[in-house]
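Participant: For reference, the structure I am asking about is given below.
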Amino acid sequence: MILVTGGCGYIGSHCVISLLNQNKKVAVIDNFVNSDKSVLKKINLISKKNILFYKGDLRQKSFLSDVFNKHNFETVFHFAGLKSLSESYKNPLEYFSANINSTINLLQTMQKYKVYNLIFSSSATVYGQDHPLPWTEDIKLKFPESPYAQSKAFIENLLLKYYQSDMNFKIGILRYFNPIGCHSSGLIGDRIDGSTNLIPSIMLYLLGKKPYLPIYGNDYKTKDGSGIRDYIHVDDLVNGHIGALKYIIEKKGIHIWNLGSGKGYSVFQIVSKFEEHYKKRIFKKVMPRREGDLSEYWADISKAGKELNWSPSLDIDKMILDSLNHLKKLKEANL
Ligand code: NAD
Ligand code: UDP
């Protein structure tokens, strides 16, 4: 059986569906801090399969032990954590606690129950700034600025040290670039309310919940002045996890892979793709640059390509069409 922490969240729920489609038995832990129980029903609706669900916080060690006691887990996909960069500046202690303390508890419990396969959700934010493009996994990390990124960098280091102390562990660290899109049913997706990310921001505008779309900076030294990121479809991202698990089981050790598309798109390019597919003009307002934003970055994905035999197959149009399908479902549900 596989344990998915944060399995009701955006990426975790997509991973659960992929695992169920491969006839794996899945248990999920989630405290619903950024999701709710409706996701469980949707997972069931999409996969026609059931999962075991435990509501609780990874920081509660006795709860975690109880769950591990009930099952023979072979693998943990560890998605649970807080993920808003901007919120992490406002509430750094909660970010360090939710991300780092949770991971420490999880590792100690895994060790106690001899569960050694771990796939961890890291982030491209660990790289910090001023690296030559595209970013490769062997770049020397610069101390990142946001508490969110610091928590991810700290956990990566913690995993490396922990592995050296117990080489039974097999660990895959996945550095995500910008996951977007959703399952083709449109039923599950990233939470948009309260999010300051680009796609949720565009969707809030299209739902009439924002008078304009803020463009944070049009004076970067990029082809059109707006920020450039590497967007990857969440289903491709999840496939990378499946490849990573296979790899660590076969090769053992601890490994790091970038998961992105390897291509950069500017904010203006993304917005015009939405305009094209939604057939509506988006009213944009250029605002000052967001604090801490980098001008442009994208991934070198050749390591994941070679070692995991993985490559993204869903292009930017599919990412946006799936997001719009999710928007349609949100409208139908009157959310
Ligand atoms: P998400 O917020 O949608 O999902 C995280 C889930 O974990 C939520 O359902 C939340 O309720 C749960 N959770 C949070 N803290 C918990 C705790 N202490 N105990 C139990 N459950 C808890 O986030 P996501 O977009 O699915 O991201 C998954 C992981 O990937 C996170 O670790 C995130 O930092 C990382 N990541 C995400 C992105 C992105 O853009 N979405 C980019 C890079 C890295
Ligand atoms: N962005 C924007 N308007 C928004 C939200 C984001 O112009 O309402 C820009 C942001 O400045 C960045 C890009 O879109 O250049 C991606 O931002 P997001 O927050 O989605 O991801 P991150 O910055 O964390 O990579």
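Scheme for the structure tokens: letters A, B, ... for chains in order shown; per-chain residue numbers from 1; ligand numbers from 1 in order shown.
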What does the list of residues within 7 Å of ligand 2 look like if you count only C-alpha atoms and all ligand atoms, written as a PDB file with all heavy atoms, in the first residue's frame?

Facilitator:
ATOM      1  N   LEU A  85       4.225  31.288  -1.435  1.00  0.00           N
ATOM      2  CA  LEU A  85       5.438  32.056  -1.198  1.00  0.00           C
ATOM      3  C   LEU A  85       5.131  33.360  -0.449  1.00  0.00           C
ATOM      4  O   LEU A  85       5.770  33.690   0.552  1.00  0.00           O
ATOM      5  CB  LEU A  85       6.037  32.367  -2.566  1.00  0.00           C
ATOM      6  CG  LEU A  85       7.523  32.379  -2.664  1.00  0.00           C
ATOM      7  CD1 LEU A  85       7.952  31.413  -3.747  1.00  0.00           C
ATOM      8  CD2 LEU A  85       7.988  33.759  -3.028  1.00  0.00           C
ATOM      9  N   ASN A 178       6.551  25.127 -12.582  1.00  0.00           N
ATOM     10  CA  ASN A 178       5.210  25.681 -12.314  1.00  0.00           C
ATOM     11  C   ASN A 178       4.109  24.734 -12.790  1.00  0.00           C
ATOM     12  O   ASN A 178       3.722  24.794 -13.961  1.00  0.00           O
ATOM     13  CB  ASN A 178       5.058  27.046 -12.979  1.00  0.00           C
ATOM     14  CG  ASN A 178       5.869  28.121 -12.280  1.00  0.00           C
ATOM     15  OD1 ASN A 178       7.055  27.935 -12.019  1.00  0.00           O
ATOM     16  ND2 ASN A 178       5.244  29.230 -11.951  1.00  0.00           N
ATOM     17  N   THR A 196      -2.467  33.608  -5.197  1.00  0.00           N
ATOM     18  CA  THR A 196      -1.921  34.758  -5.922  1.00  0.00           C
ATOM     19  C   THR A 196      -1.128  34.299  -7.146  1.00  0.00           C
ATOM     20  O   THR A 196      -0.453  35.088  -7.783  1.00  0.00           O
ATOM     21  CB  THR A 196      -1.001  35.595  -5.014  1.00  0.00           C
ATOM     22  OG1 THR A 196      -0.018  34.722  -4.468  1.00  0.00           O
ATOM     23  CG2 THR A 196      -1.767  36.265  -3.891  1.00  0.00           C
ATOM     24  N   ASN A 197      -1.229  32.998  -7.456  1.00  0.00           N
ATOM     25  CA  ASN A 197      -0.504  32.492  -8.634  1.00  0.00           C
ATOM     26  C   ASN A 197      -1.198  32.930  -9.918  1.00  0.00           C
ATOM     27  O   ASN A 197      -2.379  33.270  -9.918  1.00  0.00           O
ATOM     28  CB  ASN A 197      -0.397  30.968  -8.589  1.00  0.00           C
ATOM     29  CG  ASN A 197       0.526  30.502  -7.486  1.00  0.00           C
ATOM     30  OD1 ASN A 197       0.115  29.753  -6.618  1.00  0.00           O
ATOM     31  ND2 ASN A 197       1.758  30.965  -7.487  1.00  0.00           N
ATOM     32  N   LEU A 198      -0.439  32.858 -11.013  1.00  0.00           N
ATOM     33  CA  LEU A 198      -0.940  33.415 -12.275  1.00  0.00           C
ATOM     34  C   LEU A 198      -2.234  32.745 -12.772  1.00  0.00           C
ATOM     35  O   LEU A 198      -3.197  33.454 -13.107  1.00  0.00           O
ATOM     36  CB  LEU A 198       0.154  33.330 -13.348  1.00  0.00           C
ATOM     37  CG  LEU A 198      -0.230  33.875 -14.720  1.00  0.00           C
ATOM     38  CD1 LEU A 198      -0.604  35.360 -14.625  1.00  0.00           C
ATOM     39  CD2 LEU A 198       0.889  33.675 -15.722  1.00  0.00           C
ATOM     40  N   ILE A 199      -2.268  31.424 -12.837  1.00  0.00           N
ATOM     41  CA  ILE A 199      -3.452  30.765 -13.429  1.00  0.00           C
ATOM     42  C   ILE A 199      -4.695  30.994 -12.558  1.00  0.00           C
ATOM     43  O   ILE A 199      -5.738  31.419 -13.084  1.00  0.00           O
ATOM     44  CB  ILE A 199      -3.193  29.250 -13.689  1.00  0.00           C
ATOM     45  CG1 ILE A 199      -1.900  29.059 -14.516  1.00  0.00           C
ATOM     46  CG2 ILE A 199      -4.408  28.591 -14.361  1.00  0.00           C
ATOM     47  CD1 ILE A 199      -1.812  29.798 -15.843  1.00  0.00           C
ATOM     48  N   SER A 201      -5.198  33.456 -10.674  1.00  0.00           N
ATOM     49  CA  SER A 201      -5.489  34.880 -10.809  1.00  0.00           C
ATOM     50  C   SER A 201      -6.290  35.145 -12.097  1.00  0.00           C
ATOM     51  O   SER A 201      -7.291  35.874 -12.098  1.00  0.00           O
ATOM     52  CB  SER A 201      -4.151  35.625 -10.830  1.00  0.00           C
ATOM     53  OG  SER A 201      -4.312  36.989 -10.804  1.00  0.00           O
ATOM     54  N   ILE A 202      -5.891  34.489 -13.192  1.00  0.00           N
ATOM     55  CA  ILE A 202      -6.627  34.640 -14.459  1.00  0.00           C
ATOM     56  C   ILE A 202      -8.026  34.043 -14.305  1.00  0.00           C
ATOM     57  O   ILE A 202      -9.030  34.626 -14.752  1.00  0.00           O
ATOM     58  CB  ILE A 202      -5.871  33.941 -15.621  1.00  0.00           C
ATOM     59  CG1 ILE A 202      -4.532  34.631 -15.868  1.00  0.00           C
ATOM     60  CG2 ILE A 202      -6.722  33.934 -16.899  1.00  0.00           C
ATOM     61  CD1 ILE A 202      -3.634  33.928 -16.898  1.00  0.00           C
ATOM     62  N   LEU A 213      -6.756  41.920 -14.472  1.00  0.00           N
ATOM     63  CA  LEU A 213      -5.664  40.981 -14.168  1.00  0.00           C
ATOM     64  C   LEU A 213      -4.388  41.783 -13.920  1.00  0.00           C
ATOM     65  O   LEU A 213      -3.912  42.479 -14.826  1.00  0.00           O
ATOM     66  CB  LEU A 213      -5.440  40.021 -15.347  1.00  0.00           C
ATOM     67  CG  LEU A 213      -4.254  39.079 -15.119  1.00  0.00           C
ATOM     68  CD1 LEU A 213      -4.610  37.985 -14.124  1.00  0.00           C
ATOM     69  CD2 LEU A 213      -3.801  38.465 -16.436  1.00  0.00           C
ATOM     70  N   PRO A 214      -3.830  41.696 -12.720  1.00  0.00           N
ATOM     71  CA  PRO A 214      -2.573  42.421 -12.499  1.00  0.00           C
ATOM     72  C   PRO A 214      -1.413  41.743 -13.240  1.00  0.00           C
ATOM     73  O   PRO A 214      -1.307  40.521 -13.252  1.00  0.00           O
ATOM     74  CB  PRO A 214      -2.365  42.313 -10.973  1.00  0.00           C
ATOM     75  CG  PRO A 214      -3.161  41.126 -10.532  1.00  0.00           C
ATOM     76  CD  PRO A 214      -4.268  40.936 -11.540  1.00  0.00           C
ATOM     77  N   ILE A 215      -0.619  42.555 -13.893  1.00  0.00           N
ATOM     78  CA  ILE A 215       0.622  42.045 -14.514  1.00  0.00           C
ATOM     79  C   ILE A 215       1.751  42.612 -13.669  1.00  0.00           C
ATOM     80  O   ILE A 215       1.978  43.831 -13.663  1.00  0.00           O
ATOM     81  CB  ILE A 215       0.779  42.539 -15.975  1.00  0.00           C
ATOM     82  CG1 ILE A 215      -0.445  42.192 -16.816  1.00  0.00           C
ATOM     83  CG2 ILE A 215       2.080  42.028 -16.602  1.00  0.00           C
ATOM     84  CD1 ILE A 215      -0.602  40.739 -17.199  1.00  0.00           C
ATOM     85  N   TYR A 216       2.431  41.726 -12.951  1.00  0.00           N
ATOM     86  CA  TYR A 216       3.453  42.210 -12.029  1.00  0.00           C
ATOM     87  C   TYR A 216       4.774  42.457 -12.749  1.00  0.00           C
ATOM     88  O   TYR A 216       5.659  41.616 -12.726  1.00  0.00           O
ATOM     89  CB  TYR A 216       3.629  41.221 -10.876  1.00  0.00           C
ATOM     90  CG  TYR A 216       2.393  41.078 -10.023  1.00  0.00           C
ATOM     91  CD1 TYR A 216       1.795  39.838  -9.793  1.00  0.00           C
ATOM     92  CD2 TYR A 216       1.793  42.205  -9.443  1.00  0.00           C
ATOM     93  CE1 TYR A 216       0.656  39.715  -9.022  1.00  0.00           C
ATOM     94  CE2 TYR A 216       0.652  42.085  -8.668  1.00  0.00           C
ATOM     95  CZ  TYR A 216       0.089  40.843  -8.469  1.00  0.00           C
ATOM     96  OH  TYR A 216      -1.045  40.724  -7.697  1.00  0.00           O
ATOM     97  N   GLY A 217       4.849  43.610 -13.377  1.00  0.00           N
ATOM     98  CA  GLY A 217       6.083  44.021 -14.036  1.00  0.00           C
ATOM     99  C   GLY A 217       6.054  43.793 -15.543  1.00  0.00           C
ATOM    100  O   GLY A 217       5.754  42.684 -15.991  1.00  0.00           O
ATOM    101  N   SER A 226       7.610  40.914 -19.527  1.00  0.00           N
ATOM    102  CA  SER A 226       6.957  40.245 -18.386  1.00  0.00           C
ATOM    103  C   SER A 226       7.769  39.007 -17.971  1.00  0.00           C
ATOM    104  O   SER A 226       8.644  38.541 -18.709  1.00  0.00           O
ATOM    105  CB  SER A 226       5.521  39.867 -18.746  1.00  0.00           C
ATOM    106  OG  SER A 226       5.482  38.891 -19.758  1.00  0.00           O
ATOM    107  N   GLY A 227       7.449  38.490 -16.787  1.00  0.00           N
ATOM    108  CA  GLY A 227       8.207  37.376 -16.211  1.00  0.00           C
ATOM    109  C   GLY A 227       8.013  36.079 -16.982  1.00  0.00           C
ATOM    110  O   GLY A 227       6.932  35.814 -17.514  1.00  0.00           O
ATOM    111  N   ILE A 228       9.074  35.290 -17.029  1.00  0.00           N
ATOM    112  CA  ILE A 228       9.022  34.018 -17.774  1.00  0.00           C
ATOM    113  C   ILE A 228       9.192  32.850 -16.805  1.00  0.00           C
ATOM    114  O   ILE A 228      10.074  32.853 -15.943  1.00  0.00           O
ATOM    115  CB  ILE A 228      10.110  33.988 -18.865  1.00  0.00           C
ATOM    116  CG1 ILE A 228       9.754  35.027 -19.942  1.00  0.00           C
ATOM    117  CG2 ILE A 228      10.250  32.593 -19.477  1.00  0.00           C
ATOM    118  CD1 ILE A 228      10.729  35.108 -21.088  1.00  0.00           C
ATOM    119  N   ARG A 229       8.301  31.852 -16.958  1.00  0.00           N
ATOM    120  CA  ARG A 229       8.339  30.661 -16.109  1.00  0.00           C
ATOM    121  C   ARG A 229       8.203  29.412 -16.963  1.00  0.00           C
ATOM    122  O   ARG A 229       7.766  29.463 -18.111  1.00  0.00           O
ATOM    123  CB  ARG A 229       7.167  30.663 -15.104  1.00  0.00           C
ATOM    124  CG  ARG A 229       7.185  31.776 -14.082  1.00  0.00           C
ATOM    125  CD  ARG A 229       8.281  31.572 -13.048  1.00  0.00           C
ATOM    126  NE  ARG A 229       8.274  32.627 -12.039  1.00  0.00           N
ATOM    127  CZ  ARG A 229       8.893  33.812 -12.171  1.00  0.00           C
ATOM    128  NH1 ARG A 229       9.558  34.086 -13.282  1.00  0.00           N
ATOM    129  NH2 ARG A 229       8.859  34.697 -11.200  1.00  0.00           N
ATOM    130  N   VAL A 267       4.365  35.956 -19.042  1.00  0.00           N
ATOM    131  CA  VAL A 267       3.010  36.224 -18.523  1.00  0.00           C
ATOM    132  C   VAL A 267       2.112  36.656 -19.683  1.00  0.00           C
ATOM    133  O   VAL A 267       0.988  36.150 -19.835  1.00  0.00           O
ATOM    134  CB  VAL A 267       3.052  37.328 -17.438  1.00  0.00           C
ATOM    135  CG1 VAL A 267       1.644  37.685 -16.978  1.00  0.00           C
ATOM    136  CG2 VAL A 267       3.897  36.885 -16.249  1.00  0.00           C
ATOM    137  N   ARG A 289       6.609  45.338  -9.969  1.00  0.00           N
ATOM    138  CA  ARG A 289       7.108  43.963  -9.820  1.00  0.00           C
ATOM    139  C   ARG A 289       6.771  43.443  -8.425  1.00  0.00           C
ATOM    140  O   ARG A 289       6.775  44.208  -7.465  1.00  0.00           O
ATOM    141  CB  ARG A 289       8.634  43.945  -9.954  1.00  0.00           C
ATOM    142  CG  ARG A 289       9.127  44.285 -11.315  1.00  0.00           C
ATOM    143  CD  ARG A 289      10.648  44.284 -11.287  1.00  0.00           C
ATOM    144  NE  ARG A 289      11.210  44.623 -12.580  1.00  0.00           N
ATOM    145  CZ  ARG A 289      12.488  44.479 -12.889  1.00  0.00           C
ATOM    146  NH1 ARG A 289      13.346  44.025 -11.994  1.00  0.00           N
ATOM    147  NH2 ARG A 289      12.926  44.792 -14.085  1.00  0.00           N
ATOM    148  N   ARG A 290       6.501  42.140  -8.333  1.00  0.00           N
ATOM    149  CA  ARG A 290       6.226  41.538  -7.034  1.00  0.00           C
ATOM    150  C   ARG A 290       7.544  41.314  -6.306  1.00  0.00           C
ATOM    151  O   ARG A 290       8.529  40.898  -6.921  1.00  0.00           O
ATOM    152  CB  ARG A 290       5.547  40.187  -7.258  1.00  0.00           C
ATOM    153  CG  ARG A 290       4.304  39.979  -6.501  1.00  0.00           C
ATOM    154  CD  ARG A 290       3.543  38.757  -6.912  1.00  0.00           C
ATOM    155  NE  ARG A 290       4.312  37.652  -7.460  1.00  0.00           N
ATOM    156  CZ  ARG A 290       3.765  36.488  -7.812  1.00  0.00           C
ATOM    157  NH1 ARG A 290       2.471  36.304  -7.657  1.00  0.00           N
ATOM    158  NH2 ARG A 290       4.486  35.515  -8.318  1.00  0.00           N
ATOM    159  N   ASP A 293      10.265  38.361  -6.906  1.00  0.00           N
ATOM    160  CA  ASP A 293      10.065  37.668  -8.195  1.00  0.00           C
ATOM    161  C   ASP A 293      11.340  37.688  -9.034  1.00  0.00           C
ATOM    162  O   ASP A 293      12.020  38.716  -9.103  1.00  0.00           O
ATOM    163  CB  ASP A 293       8.959  38.369  -9.007  1.00  0.00           C
ATOM    164  CG  ASP A 293       7.633  37.638  -8.916  1.00  0.00           C
ATOM    165  OD1 ASP A 293       7.555  36.634  -8.179  1.00  0.00           O
ATOM    166  OD2 ASP A 293       6.671  38.076  -9.576  1.00  0.00           O
ATOM    167  N   SER A 295      13.128  37.356 -12.884  1.00  0.00           N
ATOM    168  CA  SER A 295      12.658  37.734 -14.219  1.00  0.00           C
ATOM    169  C   SER A 295      12.319  36.493 -15.049  1.00  0.00           C
ATOM    170  O   SER A 295      11.253  36.400 -15.632  1.00  0.00           O
ATOM    171  CB  SER A 295      13.679  38.603 -14.936  1.00  0.00           C
ATOM    172  OG  SER A 295      14.847  37.866 -15.171  1.00  0.00           O
TER     173      SER A 295
END

Participant: Counting only C-alpha atoms, what are the residues of range 121-146 of chain A within 9 Å of range 298-315 of chain A, and for each of them which pair of atoms is the nearest and at what distance in Å, to one decimal? Sort the table by chain and rising number, as a Markdown table.

Facilitator:
| residue | atom | partner | partner_atom | distance |
| --- | --- | --- | --- | --- |
| A:Ala124 | CA | A:Ala299 | CA | 8.4 |
| A:Leu133 | CA | A:Trp298 | CA | 6.9 |
| A:Pro134 | CA | A:Asp300 | CA | 5.1 |
| A:Trp135 | CA | A:Ala299 | CA | 4.9 |
| A:Thr136 | CA | A:Asp300 | CA | 5.2 |
| A:Glu137 | CA | A:Asp300 | CA | 8.0 |

Participant: Export N, CA and C atoms of the chosen residues as a PDB file, in the first residue's frame?

Facilitator:
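Result saved to result.pdb:
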ATOM      1  N   ALA A 124      11.409  24.481  -7.441  1.00  0.00           N
ATOM      2  CA  ALA A 124      12.471  25.215  -8.143  1.00  0.00           C
ATOM      3  C   ALA A 124      12.922  26.432  -7.337  1.00  0.00           C
ATOM      4  N   LEU A 133      20.883  29.937 -17.402  1.00  0.00           N
ATOM      5  CA  LEU A 133      19.714  29.160 -17.847  1.00  0.00           C
ATOM      6  C   LEU A 133      20.127  28.111 -18.869  1.00  0.00           C
ATOM      7  N   PRO A 134      19.427  26.984 -18.952  1.00  0.00           N
ATOM      8  CA  PRO A 134      18.387  26.521 -18.029  1.00  0.00           C
ATOM      9  C   PRO A 134      19.002  25.962 -16.752  1.00  0.00           C
ATOM     10  N   TRP A 135      18.173  25.824 -15.722  1.00  0.00           N
ATOM     11  CA  TRP A 135      18.691  25.381 -14.423  1.00  0.00           C
ATOM     12  C   TRP A 135      18.872  23.864 -14.393  1.00  0.00           C
ATOM     13  N   THR A 136      20.083  23.459 -13.999  1.00  0.00           N
ATOM     14  CA  THR A 136      20.359  22.015 -13.884  1.00  0.00           C
ATOM     15  C   THR A 136      20.448  21.649 -12.400  1.00  0.00           C
ATOM     16  N   GLU A 137      20.251  20.376 -12.119  1.00  0.00           N
ATOM     17  CA  GLU A 137      20.188  19.929 -10.721  1.00  0.00           C
ATOM     18  C   GLU A 137      21.508  20.131  -9.989  1.00  0.00           C
TER      19      GLU A 137
END

Participant: Find the residues of chain A that sit at most 9 Å from ligand 1; for each, write down the nearest two atoms and how far apart they are in Å, to one decimal. Count only C-alpha atoms and all ligand atoms. Sort by chain, then by number going up, and give it as JSON lines.

Facilitator:
{"residue": "A:Thr5", "atom": "CA", "partner": "ligand 1", "partner_atom_place_in_ligand_line": "21 (N)", "distance": 6.3}
{"residue": "A:Gly6", "atom": "CA", "partner": "ligand 1", "partner_atom_place_in_ligand_line": "7 (O)", "distance": 3.3}
{"residue": "A:Gly7", "atom": "CA", "partner": "ligand 1", "partner_atom_place_in_ligand_line": "9 (O)", "distance": 6.1}
{"residue": "A:Cys8", "atom": "CA", "partner": "ligand 1", "partner_atom_place_in_ligand_line": "9 (O)", "distance": 4.4}
{"residue": "A:Gly9", "atom": "CA", "partner": "ligand 1", "partner_atom_place_in_ligand_line": "4 (O)", "distance": 3.3}
{"residue": "A:Tyr10", "atom": "CA", "partner": "ligand 1", "partner_atom_place_in_ligand_line": "26 (O)", "distance": 3.6}
{"residue": "A:Ile11", "atom": "CA", "partner": "ligand 1", "partner_atom_place_in_ligand_line": "26 (O)", "distance": 3.7}
{"residue": "A:Gly12", "atom": "CA", "partner": "ligand 1", "partner_atom_place_in_ligand_line": "26 (O)", "distance": 5.3}
{"residue": "A:Ser13", "atom": "CA", "partner": "ligand 1", "partner_atom_place_in_ligand_line": "26 (O)", "distance": 7.5}
{"residue": "A:His14", "atom": "CA", "partner": "ligand 1", "partner_atom_place_in_ligand_line": "26 (O)", "distance": 8.6}
{"residue": "A:Ile29", "atom": "CA", "partner": "ligand 1", "partner_atom_place_in_ligand_line": "20 (C)", "distance": 6.0}
{"residue": "A:Asp30", "atom": "CA", "partner": "ligand 1", "partner_atom_place_in_ligand_line": "21 (N)", "distance": 3.7}
{"residue": "A:Asn31", "atom": "CA", "partner": "ligand 1", "partner_atom_place_in_ligand_line": "21 (N)", "distance": 4.2}
{"residue": "A:Phe32", "atom": "CA", "partner": "ligand 1", "partner_atom_place_in_ligand_line": "11 (O)", "distance": 3.6}
{"residue": "A:Val33", "atom": "CA", "partner": "ligand 1", "partner_atom_place_in_ligand_line": "11 (O)", "distance": 3.8}
{"residue": "A:Asn34", "atom": "CA", "partner": "ligand 1", "partner_atom_place_in_ligand_line": "11 (O)", "distance": 3.8}
{"residue": "A:Ser35", "atom": "CA", "partner": "ligand 1", "partner_atom_place_in_ligand_line": "9 (O)", "distance": 4.4}
{"residue": "A:Asp36", "atom": "CA", "partner": "ligand 1", "partner_atom_place_in_ligand_line": "9 (O)", "distance": 7.2}
{"residue": "A:Lys55", "atom": "CA", "partner": "ligand 1", "partner_atom_place_in_ligand_line": "20 (C)", "distance": 7.6}
{"residue": "A:Gly56", "atom": "CA", "partner": "ligand 1", "partner_atom_place_in_ligand_line": "20 (C)", "distance": 5.7}
{"residue": "A:Asp57", "atom": "CA", "partner": "ligand 1", "partner_atom_place_in_ligand_line": "19 (N)", "distance": 3.5}
{"residue": "A:Leu58", "atom": "CA", "partner": "ligand 1", "partner_atom_place_in_ligand_line": "19 (N)", "distance": 4.1}
{"residue": "A:Arg59", "atom": "CA", "partner": "ligand 1", "partner_atom_place_in_ligand_line": "18 (N)", "distance": 5.8}
{"residue": "A:Gln60", "atom": "CA", "partner": "ligand 1", "partner_atom_place_in_ligand_line": "19 (N)", "distance": 8.4}
{"residue": "A:His78", "atom": "CA", "partner": "ligand 1", "partner_atom_place_in_ligand_line": "32 (O)", "distance": 7.2}
{"residue": "A:Phe79", "atom": "CA", "partner": "ligand 1", "partner_atom_place_in_ligand_line": "29 (C)", "distance": 4.1}
{"residue": "A:Ala80", "atom": "CA", "partner": "ligand 1", "partner_atom_place_in_ligand_line": "7 (O)", "distance": 3.4}
{"residue": "A:Gly81", "atom": "CA", "partner": "ligand 1", "partner_atom_place_in_ligand_line": "15 (N)", "distance": 3.9}
{"residue": "A:Leu82", "atom": "CA", "partner": "ligand 1", "partner_atom_place_in_ligand_line": "14 (C)", "distance": 5.3}
{"residue": "A:Lys83", "atom": "CA", "partner": "ligand 1", "partner_atom_place_in_ligand_line": "34 (O)", "distance": 4.1}
{"residue": "A:Ser84", "atom": "CA", "partner": "ligand 1", "partner_atom_place_in_ligand_line": "34 (O)", "distance": 7.7}
{"residue": "A:Ser97", "atom": "CA", "partner": "ligand 1", "partner_atom_place_in_ligand_line": "18 (N)", "distance": 8.0}
{"residue": "A:Ala98", "atom": "CA", "partner": "ligand 1", "partner_atom_place_in_ligand_line": "18 (N)", "distance": 4.7}
{"residue": "A:Asn99", "atom": "CA", "partner": "ligand 1", "partner_atom_place_in_ligand_line": "18 (N)", "distance": 6.9}
{"residue": "A:Asn101", "atom": "CA", "partner": "ligand 1", "partner_atom_place_in_ligand_line": "18 (N)", "distance": 8.3}
{"residue": "A:Ser102", "atom": "CA", "partner": "ligand 1", "partner_atom_place_in_ligand_line": "18 (N)", "distance": 5.7}
{"residue": "A:Thr103", "atom": "CA", "partner": "ligand 1", "partner_atom_place_in_ligand_line": "18 (N)", "distance": 8.8}
{"residue": "A:Phe120", "atom": "CA", "partner": "ligand 1", "partner_atom_place_in_ligand_line": "32 (O)", "distance": 7.8}
{"residue": "A:Ser121", "atom": "CA", "partner": "ligand 1", "partner_atom_place_in_ligand_line": "30 (O)", "distance": 4.7}
{"residue": "A:Ser122", "atom": "CA", "partner": "ligand 1", "partner_atom_place_in_ligand_line": "44 (C)", "distance": 5.2}
{"residue": "A:Ser123", "atom": "CA", "partner": "ligand 1", "partner_atom_place_in_ligand_line": "43 (C)", "distance": 4.0}
{"residue": "A:Ala124", "atom": "CA", "partner": "ligand 1", "partner_atom_place_in_ligand_line": "43 (C)", "distance": 6.5}
{"residue": "A:Thr125", "atom": "CA", "partner": "ligand 1", "partner_atom_place_in_ligand_line": "43 (C)", "distance": 7.5}
{"residue": "A:Tyr148", "atom": "CA", "partner": "ligand 1", "partner_atom_place_in_ligand_line": "34 (O)", "distance": 7.8}
{"residue": "A:Ala149", "atom": "CA", "partner": "ligand 1", "partner_atom_place_in_ligand_line": "34 (O)", "distance": 8.7}
{"residue": "A:Lys152", "atom": "CA", "partner": "ligand 1", "partner_atom_place_in_ligand_line": "34 (O)", "distance": 7.6}
{"residue": "A:Leu174", "atom": "CA", "partner": "ligand 1", "partner_atom_place_in_ligand_line": "44 (C)", "distance": 8.4}
{"residue": "A:Arg175", "atom": "CA", "partner": "ligand 1", "partner_atom_place_in_ligand_line": "43 (C)", "distance": 6.8}
{"residue": "A:Tyr176", "atom": "CA", "partner": "ligand 1", "partner_atom_place_in_ligand_line": "43 (C)", "distance": 4.6}
{"residue": "A:Phe177", "atom": "CA", "partner": "ligand 1", "partner_atom_place_in_ligand_line": "42 (C)", "distance": 6.0}
{"residue": "A:Asn178", "atom": "CA", "partner": "ligand 1", "partner_atom_place_in_ligand_line": "40 (O)", "distance": 5.1}
{"residue": "A:Pro179", "atom": "CA", "partner": "ligand 1", "partner_atom_place_in_ligand_line": "40 (O)", "distance": 5.2}
{"residue": "A:Ile180", "atom": "CA", "partner": "ligand 1", "partner_atom_place_in_ligand_line": "40 (O)", "distance": 7.3}
{"residue": "A:Gly189", "atom": "CA", "partner": "ligand 1", "partner_atom_place_in_ligand_line": "3 (O)", "distance": 8.3}
{"residue": "A:Asp190", "atom": "CA", "partner": "ligand 1", "partner_atom_place_in_ligand_line": "3 (O)", "distance": 6.0}
{"residue": "A:Arg191", "atom": "CA", "partner": "ligand 1", "partner_atom_place_in_ligand_line": "3 (O)", "distance": 6.6}
{"residue": "A:Asn197", "atom": "CA", "partner": "ligand 1", "partner_atom_place_in_ligand_line": "40 (O)", "distance": 8.0}
{"residue": "A:Val234", "atom": "CA", "partner": "ligand 1", "partner_atom_place_in_ligand_line": "41 (N)", "distance": 8.8}

Participant: List the neighbours of Ile51 in chain A out to 12 Å using only C-alpha atoms; skip same-chain residues closer than 5 positions along the sequence, and give me the result as JSON, numbers by chain.

Facilitator: {"A": [1, 2, 3, 4, 7, 8, 13, 16, 17, 19, 20, 21, 23, 24, 25, 26, 27, 28, 29, 39, 40, 41, 42, 43, 44, 45]}

Participant: Please return as number ranges by chain: the residues of range 36-121 of chain A that backbone DSSP assigns to helix (DSSP H, G or I).

Facilitator: A: 38-47, 61-70, 85-90, 92-112

Participant: Grab the CA of Glu145 in chain A to CA of Val126 in chain A distance for me, in Å with one decimal place.

Facilitator: 9.1 Å
